[in-house]
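Inspection log for the structure reproduced underneath, given as structure tokens.
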Amino acid sequence: MTLVSGWGRFPVVDTDVLRPRSFMAIGEAVAGASGTVARGNGRAYGDAGIGAIRTIAMTGFDRVRSFDPVTGRIRLEAGVLLSDLIDTFGPRGFLPFVVPGTRFVSVGGAIAADVHGKNHHCEGGFGRYVDSILLRTGQGEIIEASREENSDAFFATVGGMGLTGVILEATMRLRPVETGWIRERVVSTSDLGAAMRALDAGDSATYSVAWIDCVARGSELGRSLIYLGEHARAGELPDGADAFPLGKDPALAVPVDLPSITLNRYSIRAFNELYYRMGAKRAGESHRVSLFPYFFPLDSISAWNRIYGRRGFLQHQCVIPEHGARDVLGDILERVTKRGDASFLAVLKKLGQGDGILSFPMPGYTLALDFPMRGDILNFLDEIDRLVVAAGGRLYLAKDARQSRATFEAGYPALQRFKAIRKSLDLAGKIRSKLSQRLFDEVQP
Amino acid sequence: MTSRKTVLVLGGSSDIARATARAFAKAGYDVQLAGRDAAVLEPDAADLRARYNVEASRWTFDVLDTASFETFASGLPALPDVVISIVGLLGAQESAQSDLEHATTIMRSNYEGPALILGLFAEKFLARGYGTIVGVSSVAGDRGRASNYVYGSAKAGFSAFLSGLRARASRGGVHIVTVKPGFVRTKMTEGMKLIGPLTVEAQVVGDAILNAVQRRTDVVYVSGKWRLVMLIIKALPEAIFKKLKF
């Protein structure tokens with residue numbers, strides 16, 4: 001047994017970790033235990049990537065099967081990381097259509113969580129660009145699932161948190177790009193309402209995201225920097241500019257777990273103040289940034305999760321339906337600022353309709369917050385959850401480590417349908433994760 | 001169309017081989033992958049073609065079948081520019097102490113076979129007047145340790161062979177690289193206790209090999225820390241070394 005945790009380092013649990021080398025060995029690994037889930041690069045924050053009994057590490061399955069340089073259609077094994085895809089195919093003029101805030105996630109993980117990016121409001125999530133999936137079901141079959149063929153399995157697997165089986169391969173479309181640069185425009189806003197209006201106004205932008213100063217209070221509550229972005233065309237680069245600057249390996253690493261004292265209301269306040277002022281200074285005209293700092297600001301510091309110390313941290317990411325969102329988000333932010341130990345990172349985005357049965361996105365606003373794992377944080381987040389549920393919202397499973405069954409059930413009304421499809425793919429219930437045990441398996445842990 | 005360079009990777013199905021082949025294909029080399037079972041190499045060959053738009057072919061090569069070496073080498077469609085031997089077998093030291101057959105396999109897999117096939121290519125390269133040969137040896141060959149001296153001694157022999165070959169071949173325009181990877185997270189080391197700061201991923205080894213070929217380096221310790229560690233270990237007097245538990 002090995003102690004394993006997600007990126008948030010909470011919870012830490014015992015599981016067998018297996019590294020099969022072939023699809024056949026994956027099948028044997030699933031068949032040989034009564035609770036297995038596949039794990040990509042371990043970037044899910046909570047317990048989604050941890051098997052109830054056994055966890056299958058997929059990063060060794062990182063081969064590209066085929067690539068069409070004309071259409072950008074690619075078939076690959078599920079363990080390929082998005083960073084690898086970007087480094088390999090970016091210089092050839094293709095990028096993933098959707099990237100989350102880190103590029104160190106696997107394709108299989110990105111499908112399982114139907115990850116969203118800064119373009120969800122207009123272009124949808126990762127699953128939208130997946131044409132088909134090769135799935136090893138709990139039942140023991142290997143099936144090809146697409147929108148046309150085994151479509152129930154397809155839509156249950158996109159966003160299904162690995163609970164329909166092991167994703168072995170995927171065929172997906174990549175986005176043709178002329179450069180690896182983003183034309184970015186920063187808008188600074190004075191409060192939450194203005195931030196939401198700015199995001200609405202940015203609906204036509206391909207990429208938009210707001211960073212919220214979650215220390216600002218009173219009339220400044222929710223003051224934000226909105227980052228709008230478009231892919232830069234080749235003609236927009238100055239002569240001699242590198243059309244595709246490559247992502248560097250993280251230059252900075254957090255070498256040790258920082259003592260939890262490092263993160264306190266003063267350091268966070270200072271950081272937020274500085275960050276807001278620096279951003280506000282850049283507001284207005286558009287400028288060019290490499291796609292790496294634009295999409296993956298935290299990737300430049302490896303192991304940044306250590307900033308929160310050994311006990312780890314919790315991320316709380318909810319989505320609130322558009323109607324009434326201003327009041328609910330205002331309420332949440334107010335409680336967070338009152339607490340004073342809010343995160344370095346509060347992110348607000350607009351989402352559109354999700355594709356998978358259990359996909360997180362719904363039309364509305366999503367707010368992501370980090371909290372160090374200490375004190376009464378679990379109680380506090382339960383309190384926030386009640387606001388989310390009352391507003392008809394839900395929490396993101398890829399980030400979750402602690403929501404209750406009731407919160408989950410209220411947020412995901414399609415759960416019964418998901419469960420029925422899951423059952424049909426896995427009669428014996430071989431596929432189970434710590435997350436499924438916590439949130440909806442009938443067999444109690 | 002400019003003619004592209006070709007690299008031959010012997011021991012093509014290992015993690016280090018996959019990473020090395022990717023590093024060279026990314027740099028524009030066509031790749032010949034050779035291993036005991038050529039069929040299992042197809043997914044890796046397809047991966048190289050799809051990623052880097054290069055030619056990638058598969059060849060059957062068994063390092064223990066020395067009689068087949070000449071046929072293998074002359075059967076390739078073109079003499080490669082670079083040959084890399086990543087063949088190796090860690091084996092089990094304890095069994096090797098009493099099981100002569102196992103000990104023989106370890107010795108032959110890590111010394112006899114790799115040395116003979118690289119020696120053969122060296123002659124062909126010398127006749128042609130250029131080429132680069134890379135042998136992946138091991139820090140374990142720098143000094144015999146109680147815990148793995150059967151493997152280590154074979155790697156020591158391989159390192160010595162490469163060193164001598166280098167001295168001779170350099171006069172004929174052929175460059176020989178000795179690579180000592182240290183701990184690498186691979187199939188071979190799975191389940192072993194590795195020392196974190198001294199352990200690298202396979203891709204780091206692959207990139208280091210490409211780098212060594214391009215810069216014409218002679219001996220590469222993939223993690224620089226190993227050079228220092230082995231310097232100290234080599235300097236220990238035998239009287240002290242034999243009392244240490246490694």
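Going by the structure tokens order, chains are called A, B, ..., each with residues numbered from 1, while ligands are numbered from 1 in the order shown.
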Practice problem: Mind listing the alpha helix (DSSP H) residues of stretch 137-346 of chain A, per DSSP on the backbone, as a VMD selection string? | Solution: chain A and resid 151 to 157 192 to 201 265 to 282 291 to 295 325 to 339
Self-check item: Contacts of stretch 91-102 of chain A within 10 Å, only C-alpha atoms, excl. fewer than 3 positions in-chain, as a ChimeraX atom specification
Solution: /A:43,69,71-73,82-83,85-88,105,107,110,114-120,123-130,172-180,243-246,292,294-300 /B:51-52
Practice problem: Could you jot down the atom CA of A:Gln317 to atom CA of A:Tyr275 separation for me, Å, one decimal place? | Solution: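 Distance reported for this atom pair: 21.4 Å.
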Exercise. Please determine the contact residues of chain B with respect to chain A at a cut-off of 12 Å, counting only C-alpha atoms, and supply them as a PyMOL selection string.
Key: chain B and resi 13-15+18-19+22-23+25-27+40-53+185-187+190-191+197+201-204
Exercise. Using only C-alpha atoms, determine which residues lie at most 8 Å from B:Pro114, disregarding the query and same-chain residues fewer than 2 positions distant; provide the list as a PyMOL selection string.
Key: chain B and resi 63+85+87+109-112+116-118+135+158
Export all heavy atoms of the chosen residues as an mmCIF file, in the first residue's frame?
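That gives us part19.cif:
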```cif
data_model
loop_
_atom_site.group_PDB
_atom_site.id
_atom_site.type_symbol
_atom_site.label_atom_id
_atom_site.label_comp_id
_atom_site.auth_asym_id
_atom_site.auth_seq_id
_atom_site.Cartn_x
_atom_site.Cartn_y
_atom_site.Cartn_z
ATOM 1 N N VAL B 63 20.397 -9.175 -28.177
ATOM 2 C CA VAL B 63 21.764 -8.882 -27.739
ATOM 3 C C VAL B 63 22.524 -10.151 -27.333
ATOM 4 O O VAL B 63 23.746 -10.151 -27.282
ATOM 5 C CB VAL B 63 21.739 -7.836 -26.587
ATOM 6 C CG1 VAL B 63 21.372 -8.501 -25.264
ATOM 7 C CG2 VAL B 63 23.067 -7.109 -26.485
ATOM 8 N N SER B 85 23.338 2.073 -27.773
ATOM 9 C CA SER B 85 22.949 0.830 -27.095
ATOM 10 C C SER B 85 22.381 1.159 -25.725
ATOM 11 O O SER B 85 23.067 1.691 -24.851
ATOM 12 C CB SER B 85 24.145 -0.108 -26.942
ATOM 13 O OG SER B 85 23.767 -1.161 -26.072
ATOM 14 N N VAL B 87 20.714 -1.329 -24.249
ATOM 15 C CA VAL B 87 20.455 -2.683 -23.751
ATOM 16 C C VAL B 87 21.051 -2.845 -22.357
ATOM 17 O O VAL B 87 22.138 -2.348 -22.073
ATOM 18 C CB VAL B 87 21.104 -3.713 -24.701
ATOM 19 C CG1 VAL B 87 20.866 -5.112 -24.178
ATOM 20 C CG2 VAL B 87 20.559 -3.551 -26.100
ATOM 21 N N SER B 109 24.444 -9.711 -21.210
ATOM 22 C CA SER B 109 23.516 -8.641 -21.623
ATOM 23 C C SER B 109 24.118 -7.263 -21.425
ATOM 24 O O SER B 109 23.783 -6.325 -22.141
ATOM 25 C CB SER B 109 22.219 -8.719 -20.821
ATOM 26 O OG SER B 109 21.614 -9.975 -20.976
ATOM 27 N N ASN B 110 24.946 -7.122 -20.411
ATOM 28 C CA ASN B 110 25.469 -5.796 -20.106
ATOM 29 C C ASN B 110 26.867 -5.536 -20.676
ATOM 30 O O ASN B 110 27.286 -4.394 -20.783
ATOM 31 C CB ASN B 110 25.493 -5.578 -18.589
ATOM 32 C CG ASN B 110 24.096 -5.474 -18.003
ATOM 33 O OD1 ASN B 110 23.334 -4.586 -18.368
ATOM 34 N ND2 ASN B 110 23.747 -6.412 -17.140
ATOM 35 N N TYR B 111 27.606 -6.607 -20.968
ATOM 36 C CA TYR B 111 28.951 -6.398 -21.501
ATOM 37 C C TYR B 111 29.162 -7.010 -22.880
ATOM 38 O O TYR B 111 29.319 -6.282 -23.860
ATOM 39 C CB TYR B 111 30.010 -6.920 -20.518
ATOM 40 C CG TYR B 111 31.403 -6.871 -21.120
ATOM 41 C CD1 TYR B 111 31.881 -5.666 -21.647
ATOM 42 C CD2 TYR B 111 32.200 -7.991 -21.194
ATOM 43 C CE1 TYR B 111 33.131 -5.603 -22.233
ATOM 44 C CE2 TYR B 111 33.456 -7.935 -21.779
ATOM 45 C CZ TYR B 111 33.915 -6.736 -22.302
ATOM 46 O OH TYR B 111 35.155 -6.674 -22.884
ATOM 47 N N GLU B 112 29.101 -8.328 -22.919
ATOM 48 C CA GLU B 112 29.489 -8.995 -24.175
ATOM 49 C C GLU B 112 28.707 -8.477 -25.385
ATOM 50 O O GLU B 112 29.290 -7.996 -26.364
ATOM 51 C CB GLU B 112 29.274 -10.511 -24.029
ATOM 52 C CG GLU B 112 29.718 -11.291 -25.250
ATOM 53 C CD GLU B 112 29.157 -12.715 -25.246
ATOM 54 O OE1 GLU B 112 27.911 -12.867 -25.328
ATOM 55 O OE2 GLU B 112 29.955 -13.659 -25.152
ATOM 56 N N LEU B 116 30.201 -5.982 -28.264
ATOM 57 C CA LEU B 116 30.443 -6.551 -29.588
ATOM 58 C C LEU B 116 29.675 -5.810 -30.686
ATOM 59 O O LEU B 116 30.239 -5.512 -31.741
ATOM 60 C CB LEU B 116 30.078 -8.039 -29.594
ATOM 61 C CG LEU B 116 31.008 -8.949 -28.786
ATOM 62 C CD1 LEU B 116 30.529 -10.398 -28.865
ATOM 63 C CD2 LEU B 116 32.444 -8.849 -29.308
ATOM 64 N N ILE B 117 28.415 -5.484 -30.419
ATOM 65 C CA ILE B 117 27.640 -4.841 -31.492
ATOM 66 C C ILE B 117 28.144 -3.419 -31.731
ATOM 67 O O ILE B 117 28.251 -2.970 -32.882
ATOM 68 C CB ILE B 117 26.112 -4.872 -31.203
ATOM 69 C CG1 ILE B 117 25.314 -4.416 -32.419
ATOM 70 C CG2 ILE B 117 25.719 -4.022 -30.016
ATOM 71 C CD1 ILE B 117 25.327 -5.363 -33.565
ATOM 72 N N LEU B 118 28.495 -2.710 -30.655
ATOM 73 C CA LEU B 118 29.020 -1.353 -30.867
ATOM 74 C C LEU B 118 30.393 -1.404 -31.533
ATOM 75 O O LEU B 118 30.726 -0.554 -32.371
ATOM 76 C CB LEU B 118 29.066 -0.584 -29.538
ATOM 77 C CG LEU B 118 27.698 -0.249 -28.913
ATOM 78 C CD1 LEU B 118 27.868 0.674 -27.710
ATOM 79 C CD2 LEU B 118 26.768 0.402 -29.938
ATOM 80 N N GLY B 135 27.141 4.316 -25.753
ATOM 81 C CA GLY B 135 26.886 3.153 -24.898
ATOM 82 C C GLY B 135 26.309 3.621 -23.581
ATOM 83 O O GLY B 135 26.895 4.479 -22.913
ATOM 84 N N PHE B 158 32.081 -2.870 -19.811
ATOM 85 C CA PHE B 158 31.517 -2.114 -20.940
ATOM 86 C C PHE B 158 32.115 -0.701 -20.973
ATOM 87 O O PHE B 158 32.513 -0.206 -22.032
ATOM 88 C CB PHE B 158 30.002 -2.087 -20.794
ATOM 89 C CG PHE B 158 29.271 -1.500 -21.975
ATOM 90 C CD1 PHE B 158 29.654 -1.780 -23.281
ATOM 91 C CD2 PHE B 158 28.166 -0.671 -21.774
ATOM 92 C CE1 PHE B 158 28.967 -1.246 -24.360
ATOM 93 C CE2 PHE B 158 27.473 -0.138 -22.842
ATOM 94 C CZ PHE B 158 27.881 -0.417 -24.136
#
```
Quiz prompt | Test item, strand (DSSP E) assignment across stretch 137-211 of chain A, answer as a ChimeraX atom specification | solution = /A:137,142-146,165-176,181-189,207-211
Exercise. Tell me which protein, DNA and RNA residues are within 8 Å of A:Arg311, counting only C-alpha atoms, leaving out same-chain ones fewer than 3 positions away, and put them as a ChimeraX atom specification.
Key: /A:9-10,308,372-374
Quiz item: A:Asp331: which residues within 12 Å, counting only C-alpha atoms, same-chain residues fewer than 2 positions away excluded, as a list of chain:residue names?
Solution: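 That gives A:Leu192, A:Arg217, A:Gly218, A:Leu221, A:Gly222, A:Gly324, A:Ala325, A:Arg326, A:Asp327, A:Val328, A:Leu329, A:Leu333, A:Glu334, A:Arg335, A:Val336, A:Thr337, A:Lys338, A:Glu383, A:Ile384, A:Asp385, A:Arg386, A:Leu387, A:Val388, A:Ala391.
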Quiz item: atom CA of A:His231 and atom CA of A:Ser188 are how many Å apart?
Solution: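 We find that atom CA of A:His231 and atom CA of A:Ser188 lie 21.2 Å from each other.
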Practice problem: Find the residues around A:Leu168 up to 9 Å (only C-alpha atoms counted), leave out those fewer than 6 positions away in its own chain, and share them as a ChimeraX atom specification. | Solution: /A:23,58,61,76-79,108,133-136,142
I need the chosen residues saved as a compact mmCIF listing (two decimals), in the first residue's frame, with N, CA and C atoms.
```txt
# COMPACT_ATOMS: atom_id res chain seq x y z
N PHE A 23 -2.50 -2.61 -22.19
CA PHE A 23 -3.94 -2.52 -21.97
C PHE A 23 -4.44 -3.80 -21.31
N MET A 58 -1.45 6.01 -15.01
CA MET A 58 -1.58 5.98 -16.47
C MET A 58 -0.51 6.78 -17.21
N PHE A 61 1.41 5.53 -20.32
CA PHE A 61 0.72 5.38 -21.61
C PHE A 61 0.71 6.74 -22.30
N LEU A 76 -4.51 9.41 -29.44
CA LEU A 76 -3.41 9.23 -28.50
C LEU A 76 -3.82 8.41 -27.29
N GLU A 77 -2.81 7.94 -26.58
CA GLU A 77 -3.05 7.22 -25.34
C GLU A 77 -3.40 8.23 -24.24
N ALA A 78 -4.15 7.74 -23.26
CA ALA A 78 -4.74 8.67 -22.28
C ALA A 78 -3.73 9.31 -21.34
N GLY A 79 -2.52 8.74 -21.25
CA GLY A 79 -1.56 9.29 -20.31
C GLY A 79 -0.73 10.45 -20.85
N GLY A 108 -6.49 11.80 -20.45
CA GLY A 108 -7.53 11.01 -19.80
C GLY A 108 -8.17 11.76 -18.63
N ILE A 133 -13.63 7.75 -27.66
CA ILE A 133 -12.83 7.29 -26.53
C ILE A 133 -12.74 5.77 -26.60
N LEU A 134 -11.55 5.25 -26.31
CA LEU A 134 -11.42 3.81 -26.13
C LEU A 134 -11.48 3.57 -24.62
N LEU A 135 -12.52 2.82 -24.20
CA LEU A 135 -12.77 2.68 -22.77
C LEU A 135 -12.70 1.23 -22.36
N ARG A 136 -11.97 0.95 -21.29
CA ARG A 136 -11.96 -0.39 -20.72
C ARG A 136 -12.97 -0.34 -19.58
N ILE A 142 -13.45 -3.82 -23.89
CA ILE A 142 -12.86 -2.58 -24.39
C ILE A 142 -13.79 -2.07 -25.48
```
Using only C-alpha atoms, determine which residues lie at most 9 Å from stretch 143-147 of chain A, disregarding the query and same-chain residues fewer than 2 positions distant; provide the list as an mmCIF file with N, CA and C atoms, in the first residue's frame.
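Saved the output as part38.cif:
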```cif
data_model
loop_
_atom_site.group_PDB
_atom_site.id
_atom_site.type_symbol
_atom_site.label_atom_id
_atom_site.label_comp_id
_atom_site.auth_asym_id
_atom_site.auth_seq_id
_atom_site.Cartn_x
_atom_site.Cartn_y
_atom_site.Cartn_z
ATOM 1 N N VAL A 130 -13.476 16.074 -28.138
ATOM 2 C CA VAL A 130 -13.146 14.653 -28.167
ATOM 3 C C VAL A 130 -14.164 13.959 -29.060
ATOM 4 N N ASP A 131 -13.691 13.264 -30.073
ATOM 5 C CA ASP A 131 -14.603 12.583 -30.992
ATOM 6 C C ASP A 131 -14.935 11.177 -30.522
ATOM 7 N N SER A 132 -13.932 10.486 -29.976
ATOM 8 C CA SER A 132 -14.223 9.143 -29.482
ATOM 9 C C SER A 132 -13.218 8.753 -28.409
ATOM 10 N N ILE A 133 -13.628 7.746 -27.665
ATOM 11 C CA ILE A 133 -12.834 7.295 -26.528
ATOM 12 C C ILE A 133 -12.741 5.774 -26.600
ATOM 13 N N LEU A 134 -11.554 5.249 -26.306
ATOM 14 C CA LEU A 134 -11.421 3.809 -26.130
ATOM 15 C C LEU A 134 -11.482 3.570 -24.619
ATOM 16 N N LEU A 135 -12.515 2.825 -24.203
ATOM 17 C CA LEU A 135 -12.774 2.683 -22.768
ATOM 18 C C LEU A 135 -12.697 1.226 -22.357
ATOM 19 N N ARG A 136 -11.971 0.950 -21.286
ATOM 20 C CA ARG A 136 -11.957 -0.392 -20.719
ATOM 21 C C ARG A 136 -12.970 -0.341 -19.577
ATOM 22 N N THR A 137 -14.102 -0.971 -19.790
ATOM 23 C CA THR A 137 -15.174 -0.859 -18.803
ATOM 24 C C THR A 137 -14.888 -1.758 -17.604
ATOM 25 N N GLU A 141 -14.883 -5.273 -20.921
ATOM 26 C CA GLU A 141 -14.802 -5.089 -22.369
ATOM 27 C C GLU A 141 -13.973 -3.845 -22.683
ATOM 28 N N GLU A 149 -21.797 6.181 -31.366
ATOM 29 C CA GLU A 149 -21.659 4.778 -31.001
ATOM 30 C C GLU A 149 -21.481 4.710 -29.484
ATOM 31 N N ASN A 150 -22.217 3.854 -28.803
ATOM 32 C CA ASN A 150 -22.145 3.786 -27.339
ATOM 33 C C ASN A 150 -22.229 5.182 -26.731
ATOM 34 N N SER A 151 -23.207 5.945 -27.193
ATOM 35 C CA SER A 151 -23.209 7.355 -26.802
ATOM 36 C C SER A 151 -23.480 7.547 -25.306
ATOM 37 N N ASP A 152 -24.230 6.634 -24.693
ATOM 38 C CA ASP A 152 -24.410 6.737 -23.244
ATOM 39 C C ASP A 152 -23.067 6.654 -22.528
ATOM 40 N N ALA A 153 -22.264 5.688 -22.940
ATOM 41 C CA ALA A 153 -20.949 5.522 -22.319
ATOM 42 C C ALA A 153 -20.093 6.761 -22.570
ATOM 43 N N PHE A 154 -20.218 7.329 -23.773
ATOM 44 C CA PHE A 154 -19.427 8.515 -24.106
ATOM 45 C C PHE A 154 -19.780 9.690 -23.174
ATOM 46 N N PHE A 155 -21.085 9.983 -23.082
ATOM 47 C CA PHE A 155 -21.468 11.159 -22.296
ATOM 48 C C PHE A 155 -21.367 10.923 -20.786
ATOM 49 N N THR A 157 -18.740 9.199 -19.651
ATOM 50 C CA THR A 157 -17.291 9.215 -19.432
ATOM 51 C C THR A 157 -16.737 10.637 -19.453
#
```
Exercise. Would you mind telling me which residue in B:Ala146, B:Leu90, B:Val139, B:Ala96 lies nearest to B:Lys243 when using only C-alpha atoms?
Key: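 With only C-alpha atoms as the atom set, the closest residue is B:Ala146.
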